[in-house]
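protein.tsv (TSV, C-alpha atoms) appears below.
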chain	number	residue	atom	x	y	z
M	1416	MET	CA	184.56	24.32	83.55
M	1417	ARG	CA	185.36	27.64	85.05
M	1418	LEU	CA	182.09	28.97	83.70
M	1419	VAL	CA	180.11	26.14	85.29
M	1420	VAL	CA	181.72	26.63	88.68
M	1421	ARG	CA	181.14	30.36	88.54
M	1422	THR	CA	177.52	30.00	87.50
M	1423	VAL	CA	176.84	27.45	90.25
M	1424	SER	CA	178.45	29.62	92.89
M	1425	GLU	CA	176.54	32.68	91.73
M	1426	LEU	CA	173.31	30.70	91.90
M	1427	CYS	CA	174.16	29.57	95.43
M	1428	ILE	CA	174.84	33.14	96.50
M	1429	THR	CA	171.57	34.23	94.92
M	1430	VAL	CA	169.54	31.49	96.60
M	1431	GLY	CA	171.24	32.28	99.93
M	1432	THR	CA	170.39	35.95	99.59
M	1433	VAL	CA	166.78	35.16	98.77
M	1434	ILE	CA	166.53	32.89	101.83
M	1435	VAL	CA	167.97	35.58	104.08
M	1436	LEU	CA	165.51	38.08	102.62
M	1437	PHE	CA	162.66	35.64	103.22
M	1438	VAL	CA	163.66	35.26	106.87
M	1439	VAL	CA	163.72	39.05	107.19
M	1440	TYR	CA	160.26	39.11	105.61
M	1441	VAL	CA	158.79	36.50	107.96
M	1442	LEU	CA	160.42	37.75	111.16
M	1443	PHE	CA	160.27	41.45	110.62
M	1444	TRP	CA	158.24	42.62	107.67
M	1445	THR	CA	155.03	40.67	108.45
M	1446	GLY	CA	155.12	42.33	111.88
M	1447	VAL	CA	155.50	45.80	110.42
M	1448	LYS	CA	152.65	45.16	107.99
M	1449	ALA	CA	150.42	43.57	110.63
M	1450	ASP	CA	150.92	46.39	113.15
M	1451	HIS	CA	149.89	48.84	110.48
M	1452	VAL	CA	146.86	46.81	109.38
M	1453	MET	CA	145.73	46.14	112.97
M	1454	ASP	CA	145.93	49.83	113.83
M	1455	ASP	CA	143.85	50.49	110.73
M	1456	GLN	CA	141.25	47.95	111.82
M	1457	ILE	CA	141.04	49.51	115.29
M	1458	ASP	CA	140.75	53.01	113.82
M	1459	GLN	CA	138.02	51.76	111.52
M	1460	LEU	CA	136.13	50.27	114.48
M	1461	GLU	CA	136.48	53.36	116.63
M	1462	GLU	CA	135.33	55.56	113.78
M	1463	GLN	CA	132.34	53.29	113.23
M	1464	TRP	CA	131.49	53.37	116.94
M	1465	ALA	CA	131.90	57.13	117.09
M	1466	ARG	CA	129.36	57.46	114.30
M	1467	GLY	CA	127.00	55.44	116.44
M	1468	SER	CA	126.44	52.78	113.83
M	1469	VAL	CA	127.24	49.94	116.19
M	1470	ARG	CA	123.93	48.32	115.43
M	1471	PRO	CA	123.12	49.13	111.85
M	1472	THR	CA	119.41	48.34	111.97
M	1473	ALA	CA	118.95	44.69	111.24
M	1474	SER	CA	118.55	44.88	107.51
M	1475	GLY	CA	120.09	41.44	107.16
M	1476	ALA	CA	117.42	39.87	109.36
M	1477	PRO	CA	113.99	40.93	108.13
M	1478	GLY	CA	112.12	38.62	110.51
M	1479	ALA	CA	113.54	40.26	113.57
M	1480	SER	CA	112.15	43.72	112.93
M	1481	ALA	CA	108.60	42.75	113.89
M	1482	SER	CA	108.88	42.54	117.63
M	1483	GLY	CA	111.17	43.28	120.52
M	1484	PRO	CA	114.52	45.00	120.39
M	1485	PRO	CA	116.27	44.76	117.02
M	1486	GLU	CA	118.59	41.80	116.57
M	1487	PRO	CA	122.20	42.90	116.62
M	1488	ALA	CA	123.67	42.83	113.13
M	1489	PRO	CA	125.42	39.57	112.29
M	1490	TYR	CA	129.21	39.73	112.25
M	1491	ARG	CA	130.44	40.21	108.71
M	1492	SER	CA	133.09	37.78	107.59
M	1493	GLY	CA	136.57	39.32	107.54
M	1494	LYS	CA	135.41	42.52	109.26
M	1495	PRO	CA	136.42	43.67	112.73
M	1496	PHE	CA	133.71	43.84	115.40
M	1497	ALA	CA	135.53	44.08	118.73
M	1498	ILE	CA	138.79	45.02	120.40
M	1499	MET	CA	140.49	42.67	122.85
M	1500	TYR	CA	142.68	43.74	125.77
M	1501	ILE	CA	144.77	41.34	127.86
M	1502	PRO	CA	146.65	43.22	130.60
M	1503	ARG	CA	148.93	40.21	131.22
M	1504	LEU	CA	150.31	40.48	127.69
M	1505	GLY	CA	151.17	44.12	128.20
M	1506	PHE	CA	149.32	47.20	129.31
M	1507	THR	CA	149.20	48.54	125.78
M	1508	TRP	CA	148.32	45.17	124.24
M	1509	ASN	CA	145.13	45.51	122.23
M	1510	LYS	CA	144.10	43.75	119.06
M	1511	PRO	CA	141.10	43.86	116.77
M	1512	VAL	CA	138.89	40.78	116.61
M	1513	LEU	CA	137.63	39.90	113.15
M	1514	GLU	CA	134.98	37.45	112.05
M	1515	GLY	CA	136.35	34.20	110.65
M	1516	THR	CA	139.62	32.33	110.94
M	1517	SER	CA	140.87	32.26	107.35
M	1518	THR	CA	144.54	32.91	106.67
M	1519	GLY	CA	143.82	36.35	105.25
M	1520	THR	CA	141.69	37.35	108.23
M	1521	LEU	CA	144.29	36.26	110.78
M	1522	LYS	CA	146.81	38.56	109.11
M	1523	LYS	CA	144.67	41.53	110.14
M	1524	GLY	CA	143.99	40.59	113.75
M	1525	LEU	CA	142.53	37.88	115.91
M	1526	GLY	CA	139.92	35.65	114.31
M	1527	HIS	CA	136.56	34.65	115.79
M	1528	TYR	CA	135.53	31.09	114.93
M	1529	ALA	CA	132.46	31.74	112.84
M	1530	ARG	CA	130.31	28.96	114.28
M	1531	THR	CA	130.88	29.81	117.92
M	1532	ALA	CA	128.86	32.10	120.19
M	1533	ARG	CA	128.70	35.87	119.86
M	1534	LEU	CA	130.57	38.09	122.26
M	1535	GLY	CA	129.01	37.94	125.73
M	1536	GLN	CA	126.35	35.44	124.72
M	1537	LYS	CA	125.67	31.97	126.09
M	1538	GLY	CA	128.06	29.49	124.57
M	1539	ASN	CA	131.71	29.67	123.78
M	1540	PHE	CA	133.11	32.81	122.16
M	1541	SER	CA	136.26	31.38	120.54
M	1542	VAL	CA	139.16	33.35	119.11
M	1543	ALA	CA	142.36	32.27	117.34
M	1544	GLY	CA	145.52	34.33	116.93
M	1545	HIS	CA	149.05	34.11	115.61
M	1546	ARG	CA	151.71	33.15	118.13
M	1547	ARG	CA	154.51	34.24	115.83
M	1548	THR	CA	154.68	36.36	112.65
M	1549	TYR	CA	152.11	38.99	111.78
M	1550	GLY	CA	152.82	41.08	114.84
M	1551	ASP	CA	153.21	38.12	117.23
M	1552	PRO	CA	149.87	38.85	118.97
M	1553	PHE	CA	149.93	35.73	121.17
M	1554	LYS	CA	153.69	35.51	121.66
M	1555	ASP	CA	153.38	35.50	125.48
M	1556	PHE	CA	150.40	33.13	125.50
M	1557	PRO	CA	152.07	30.67	127.96
M	1558	ARG	CA	152.26	33.45	130.57
M	1559	LEU	CA	148.48	33.57	130.90
M	1560	ARG	CA	147.35	32.35	134.31
M	1561	ARG	CA	144.16	31.54	136.14
M	1562	GLY	CA	142.45	34.77	137.19
M	1563	ASP	CA	143.89	36.90	134.39
M	1564	ALA	CA	141.45	39.26	132.73
M	1565	VAL	CA	140.56	39.19	129.05
M	1566	VAL	CA	138.61	42.34	128.27
M	1567	LEU	CA	136.67	42.95	125.08
M	1568	THR	CA	134.52	45.77	123.84
M	1569	ASP	CA	132.08	45.88	120.95
M	1570	GLY	CA	131.59	49.63	121.16
M	1571	THR	CA	128.61	49.53	123.51
M	1572	THR	CA	129.65	47.17	126.29
M	1573	TRP	CA	132.81	46.11	128.10
M	1574	PHE	CA	133.04	42.36	128.66
M	1575	THR	CA	135.49	41.14	131.29
M	1576	TYR	CA	136.33	37.47	131.11
M	1577	ARG	CA	138.45	35.70	133.74
M	1578	ILE	CA	140.74	32.86	132.77
M	1579	ASP	CA	139.92	29.63	134.61
M	1580	LYS	CA	142.37	27.27	133.10
M	1581	GLY	CA	145.90	28.16	132.07
M	1582	PRO	CA	147.50	27.13	128.81
M	1583	TYR	CA	146.29	23.69	127.89
M	1584	ARG	CA	148.21	21.82	125.22
M	1585	THR	CA	146.31	19.78	122.67
M	1586	VAL	CA	146.42	18.56	119.09
M	1587	PRO	CA	145.08	20.52	116.11
M	1588	THR	CA	142.22	18.10	115.47
M	1589	ASP	CA	140.81	18.55	118.98
M	1590	ILE	CA	137.86	20.70	117.93
M	1591	GLU	CA	136.07	19.92	121.19
M	1592	VAL	CA	137.98	22.75	122.85
M	1593	ILE	CA	135.68	25.28	121.18
M	1594	ASP	CA	132.47	23.42	122.04
M	1595	PRO	CA	129.81	25.40	123.95
M	1596	VAL	CA	130.86	23.47	127.07
M	1597	PRO	CA	134.43	22.34	126.36
M	1598	ARG	CA	134.90	18.92	127.92
M	1599	LYS	CA	138.42	19.26	129.27
M	1600	SER	CA	137.96	22.78	130.57
M	1601	GLY	CA	136.37	21.69	133.83
M	1602	TYR	CA	133.14	23.53	133.04
M	1603	THR	CA	130.13	21.34	133.59
M	1604	ARG	CA	127.21	23.61	132.86
M	1605	GLU	CA	126.26	25.91	130.03
M	1606	GLY	CA	127.65	29.38	130.47
M	1607	ARG	CA	129.22	32.38	128.79
M	1608	TYR	CA	132.70	31.18	128.01
M	1609	LEU	CA	135.67	32.36	126.02
M	1610	THR	CA	138.34	30.23	124.37
M	1611	LEU	CA	141.63	31.46	122.95
M	1612	THR	CA	143.71	29.25	120.67
M	1613	THR	CA	147.17	29.63	119.19
M	1614	CYS	CA	149.94	27.38	117.94
M	1615	GLU	CA	152.44	25.35	119.95
M	1616	PRO	CA	155.43	25.14	119.78
M	1617	GLU	CA	156.13	28.76	119.08
M	1618	TRP	CA	157.25	28.25	115.50
M	1619	GLY	CA	155.60	24.91	114.87
M	1620	HIS	CA	152.20	23.51	114.11
M	1621	SER	CA	152.15	20.12	115.81
M	1622	HIS	CA	150.02	21.27	118.75
M	1623	ARG	CA	147.75	24.06	119.93
M	1624	LEU	CA	147.63	26.02	123.15
M	1625	ILE	CA	144.24	26.78	124.66
M	1626	VAL	CA	142.98	28.92	127.52
M	1627	TRP	CA	139.43	29.03	128.77
M	1628	ALA	CA	137.68	31.87	130.57
M	1629	HIS	CA	134.21	32.71	131.81
M	1630	LEU	CA	132.33	36.00	131.61
M	1631	ASP	CA	132.91	37.77	134.90
M	1632	ALA	CA	131.37	41.20	134.42
M	1633	THR	CA	129.89	43.51	131.83
M	1634	GLN	CA	129.38	47.23	131.90
M	1635	PRO	CA	128.26	49.82	129.36
M	1636	VAL	CA	131.01	51.88	127.77
M	1637	GLU	CA	129.50	55.02	129.30
M	1638	ALA	CA	130.53	53.66	132.71
M	1639	GLY	CA	134.19	53.93	131.73
M	1640	LYS	CA	136.89	51.32	131.50
M	1641	PRO	CA	136.48	48.18	133.58
M	1642	ALA	CA	138.65	47.77	136.68
M	1643	ALA	CA	140.93	45.28	134.95
M	1644	LEU	CA	142.13	47.95	132.50
M	1645	ARG	CA	142.71	50.72	135.05
M	1646	ARG	CA	146.22	51.24	136.14
D	1137	MET	CA	175.78	40.26	95.06
D	1138	SER	CA	178.85	40.44	92.94
D	1139	LEU	CA	177.93	43.46	90.87
D	1140	VAL	CA	181.43	44.84	91.13
D	1141	PRO	CA	183.77	46.25	88.52
D	1142	TRP	CA	186.52	43.66	88.98
D	1143	ARG	CA	184.17	41.09	87.53
D	1144	TYR	CA	184.27	43.08	84.32
D	1145	GLY	CA	185.11	41.02	81.27
D	1146	ARG	CA	184.80	37.70	83.01
D	1147	ASP	CA	182.09	35.12	82.70
D	1148	GLY	CA	179.22	34.41	85.05
D	1149	MET	CA	175.65	35.55	85.38
D	1150	TYR	CA	176.27	38.82	87.15
D	1151	GLY	CA	179.30	39.54	85.00
D	1152	TRP	CA	177.14	39.08	81.97
D	1153	ILE	CA	174.53	41.52	83.26
D	1154	TRP	CA	177.23	44.00	84.17
D	1155	ARG	CA	178.74	43.87	80.68
D	1156	HIS	CA	175.37	44.40	79.04
D	1157	LEU	CA	174.41	47.46	81.05
D	1158	PRO	CA	174.95	50.72	79.19
D	1159	GLY	CA	177.10	53.63	80.29
D	1160	ASN	CA	180.21	53.94	82.41
D	1161	ALA	CA	180.83	52.24	85.74
D	1162	TRP	CA	178.78	54.80	87.72
D	1163	VAL	CA	175.76	54.48	85.45
D	1164	LYS	CA	176.07	50.71	85.58
D	1165	ALA	CA	176.25	50.81	89.35
D	1166	LEU	CA	173.13	52.96	89.54
D	1167	ILE	CA	171.21	50.72	87.16
D	1168	SER	CA	172.28	47.62	89.05
D	1169	LEU	CA	171.16	49.19	92.29
D	1170	ALA	CA	167.78	49.93	90.73
D	1171	LEU	CA	167.59	46.34	89.50
D	1172	VAL	CA	168.36	45.00	92.98
D	1173	VAL	CA	165.68	47.22	94.52
D	1174	ALA	CA	163.18	46.07	91.89
D	1175	VAL	CA	163.93	42.42	92.58
D	1176	VAL	CA	163.61	42.88	96.35
D	1177	TYR	CA	160.33	44.74	95.84
D	1178	ILE	CA	158.90	41.94	93.69
D	1179	LEU	CA	160.00	39.36	96.26
D	1180	PHE	CA	158.44	41.21	99.21
D	1181	GLN	CA	155.30	42.25	97.39
D	1182	TYR	CA	154.42	39.12	95.46
D	1183	VAL	CA	156.68	36.11	96.00
D	1184	PHE	CA	157.00	36.03	99.82
D	1185	PRO	CA	153.30	36.66	100.56
D	1186	TRP	CA	152.60	33.68	98.35
D	1187	ALA	CA	155.26	31.49	99.96
D	1188	GLU	CA	154.64	32.40	103.59
D	1189	PRO	CA	151.29	30.55	104.06
D	1190	LEU	CA	153.05	27.36	102.93
D	1191	LEU	CA	154.98	27.48	106.20
D	1192	PRO	CA	153.26	26.35	109.41
D	1193	PHE	CA	153.34	29.64	111.36
D	1194	GLY	CA	149.76	30.39	110.39
D	1195	ASP	CA	148.21	27.22	111.79
D	1196	VAL	CA	146.62	28.56	114.93
D	1197	THR	CA	143.09	27.18	114.74
D	1198	VAL	CA	141.82	23.88	116.05
D	1199	ASP	CA	139.68	22.89	113.11
D	1200	ASN	CA	142.07	23.62	110.26
D	1201	GLN	CA	139.70	25.74	108.26

So that I can check it, write out the structure of this file as structure tokens.
Amino acid sequence: MRLVVRTVSELCITVGTVIVLFVVYVLFWTGVKADHVMDDQIDQLEEQWARGSVRPTASGAPGASASGPPEPAPYRSGKPFAIMYIPRLGFTWNKPVLEGTSTGTLKKGLGHYARTARLGQKGNFSVAGHRRTYGDPFKDFPRLRRGDAVVLTDGTTWFTYRIDKGPYRTVPTDIEVIDPVPRKSGYTREGRYLTLTTCEPEWGHSHRLIVWAHLDATQPVEAGKPAALRR
Amino acid sequence: MSLVPWRYGRDGMYGWIWRHLPGNAWVKALISLALVVAVVYILFQYVFPWAEPLLPFGDVTVDNQ
């Protein structure tokens, strides 16, 4: 009897300890890991851009080499291709944007929905990011307001998007929000749009938060940082 | 965890481990510490990364890919 009680209590203590450790892992350790990995991704991008291999000649698209300027290389799944800056989320807030929205990709940065438009192109450039865990990239998502800047760079150009519609709450099956002209966004014509998505509530998964933005300005990187990023 | 000397000679899971470790109390303490570190490492490196996606914090997309 004594043995049974002792064994049960030891098991309870063990399970409790494991749960506490798991909470530490989710709250703290994923953030430590993600910060490290995201810095790595940004370093990797900057190194790549410094080498000038932003547009590795379109070997993947043989048809495009015949005429006109070379097609930009397609985004490679799971690889970073841009850096995003949102001054509202903090002056030092910058995250890599990777191609694809798989679980593994979203651990390394923000994920670009693979079937949506390319950065700066006509259509809807859509990006998803963690609200909590893995560095909490979109923790302050509800603070985004109309007129806020979302700045991205792909190594050759700065793209400044302006938010038109503040956090819009929807359900996870509402895939219309990343359509080329999202219905509930208020946009009526085709344009160069940006959509950000994250989860709502903060720790839940019952809803999603969305913001929409339009392309406001572009400038080559040689021209320096866009106004939105200058202090 | 109750890897402490006053459990010595009594029953229970941790008591059993403690009794089966070699050496004197200091050596046992060191080995138990190493065991604890190993268990935590395995949890953080393999078990938690597997368990974490089962929780909903990663659902941030609208098409549930």

Neighbours of M:Leu1559 within 12 Å (only C-alpha atoms; same-chain residues fewer than 4 positions away dropped), as a PDB file with C-alpha atoms, in the frame of the given file?
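Wrote it out as out-v1.pdb, contents follow:
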ATOM      1  CA  ILE M1501     144.770  41.340 127.860  1.00  0.00           C
ATOM      2  CA  PRO M1502     146.650  43.220 130.600  1.00  0.00           C
ATOM      3  CA  ARG M1503     148.930  40.210 131.220  1.00  0.00           C
ATOM      4  CA  LEU M1504     150.310  40.480 127.690  1.00  0.00           C
ATOM      5  CA  GLY M1505     151.170  44.120 128.200  1.00  0.00           C
ATOM      6  CA  PHE M1553     149.930  35.730 121.170  1.00  0.00           C
ATOM      7  CA  LYS M1554     153.690  35.510 121.660  1.00  0.00           C
ATOM      8  CA  ASP M1555     153.380  35.500 125.480  1.00  0.00           C
ATOM      9  CA  ASP M1563     143.890  36.900 134.390  1.00  0.00           C
ATOM     10  CA  ALA M1564     141.450  39.260 132.730  1.00  0.00           C
ATOM     11  CA  VAL M1565     140.560  39.190 129.050  1.00  0.00           C
ATOM     12  CA  ARG M1577     138.450  35.700 133.740  1.00  0.00           C
ATOM     13  CA  ILE M1578     140.740  32.860 132.770  1.00  0.00           C
ATOM     14  CA  ASP M1579     139.920  29.630 134.610  1.00  0.00           C
ATOM     15  CA  LYS M1580     142.370  27.270 133.100  1.00  0.00           C
ATOM     16  CA  GLY M1581     145.900  28.160 132.070  1.00  0.00           C
ATOM     17  CA  PRO M1582     147.500  27.130 128.810  1.00  0.00           C
ATOM     18  CA  TYR M1583     146.290  23.690 127.890  1.00  0.00           C
ATOM     19  CA  LEU M1611     141.630  31.460 122.950  1.00  0.00           C
ATOM     20  CA  LEU M1624     147.630  26.020 123.150  1.00  0.00           C
ATOM     21  CA  ILE M1625     144.240  26.780 124.660  1.00  0.00           C
ATOM     22  CA  VAL M1626     142.980  28.920 127.520  1.00  0.00           C
ATOM     23  CA  TRP M1627     139.430  29.030 128.770  1.00  0.00           C
ATOM     24  CA  ALA M1628     137.680  31.870 130.570  1.00  0.00           C
TER      25      ALA M1628
END

Under the rule of at most 6 Å, produce a per-residue listing of chain M near chain D: chain, number, name, the closest pair of atoms, and the distance in Å, as JSON lines, using only C-alpha atoms.
{"residue": "M:Arg1421", "atom": "CA", "partner": "D:Gly1148", "partner_atom": "CA", "distance": 5.7}
{"residue": "M:Thr1422", "atom": "CA", "partner": "D:Gly1148", "partner_atom": "CA", "distance": 5.3}
{"residue": "M:Ala1543", "atom": "CA", "partner": "D:Thr1197", "partner_atom": "CA", "distance": 5.8}
{"residue": "M:Pro1587", "atom": "CA", "partner": "D:Val1198", "partner_atom": "CA", "distance": 4.7}
{"residue": "M:Thr1588", "atom": "CA", "partner": "D:Val1198", "partner_atom": "CA", "distance": 5.8}
{"residue": "M:Ile1590", "atom": "CA", "partner": "D:Val1198", "partner_atom": "CA", "distance": 5.4}
{"residue": "M:Thr1613", "atom": "CA", "partner": "D:Val1196", "partner_atom": "CA", "distance": 4.4}
{"residue": "M:Cys1614", "atom": "CA", "partner": "D:Val1196", "partner_atom": "CA", "distance": 4.6}
{"residue": "M:Trp1618", "atom": "CA", "partner": "D:Phe1193", "partner_atom": "CA", "distance": 5.9}
{"residue": "M:His1620", "atom": "CA", "partner": "D:Pro1192", "partner_atom": "CA", "distance": 5.6}

Query raised in the report: In Å, how far is it from atom CA of M:Ala1643 to atom CA of M:Thr1575?
Result: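 Here the two named atoms are 7.8 Å from each other.
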
Requested in this report: In Å, rounded to a single decimal, give me how far atom CA of M:Trp1573 is from atom CA of M:Ala1529.
Outcome: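 Value for the atom CA of M:Ala1529-atom CA of M:Trp1573 distance: 21.0 Å.
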
Query - Nearest candidate to M:His1451 (options M:Gly1524, M:Ala1642, M:Val1592, M:Lys1599; using all atoms listed in the file) - result: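 Nearest to M:His1451: M:Gly1524.
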
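Remark: for M:Lys1522, the closest of the candidate residues M:Gly1446, M:Pro1641, M:Gly1562, M:Gly1431 is M:Gly1446 (distances computed over only C-alpha atoms).
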
Requested in this report: Mind checking which residues fall within 10 Å of D:Lys1164, counting all atoms listed in the file, ignoring those fewer than 3 positions away in the same chain, and posting them as a list in words?
Outcome: Leu1139, Val1140, Pro1141, Ile1153, Trp1154, Arg1155, His1156, Leu1157, Pro1158, Gly1159, Asn1160, Ala1161, Ile1167, Ser1168, Leu1169 and Ala1170 of chain D

Requested in this report: Do a neighbour search on M:Gly1535 at 9 Å with only C-alpha atoms, toss out local chain neighbours closer than 6 positions, and write the hits as a list in words.
Outcome: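 With the cut-off at 9 Å, the set is Phe1574, Arg1607, Tyr1608, Leu1609, Leu1630 and Thr1633 of chain M.
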
Requested in this report: Check the smallest atom-to-atom distance from each of M:Arg1417, M:Val1542, M:Val1441, M:Leu1513 to M:Met1453 using only C-alpha atoms, then report the winner.
Outcome: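 Checking each candidate against M:Met1453, we get M:Leu1513 as the closest.
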
Query - Atom pair atom CA of M:Asp1458 / atom CA of M:Ile1498: separation (Å) - result: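 Taking atom CA of M:Asp1458 and atom CA of M:Ile1498, their separation equals 10.5 Å.
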
Report as AutoDock Vina command-line options the centre and the edge lengths, in Å to one decimal, of the axis-aligned box holding every listed atom of stretch 1167-1179 of chain D, padded by 5 Å on each side.
--center_x 165.6 --center_y 45.0 --center_z 91.8 --size_x 23.4 --size_y 21.4 --size_z 19.2
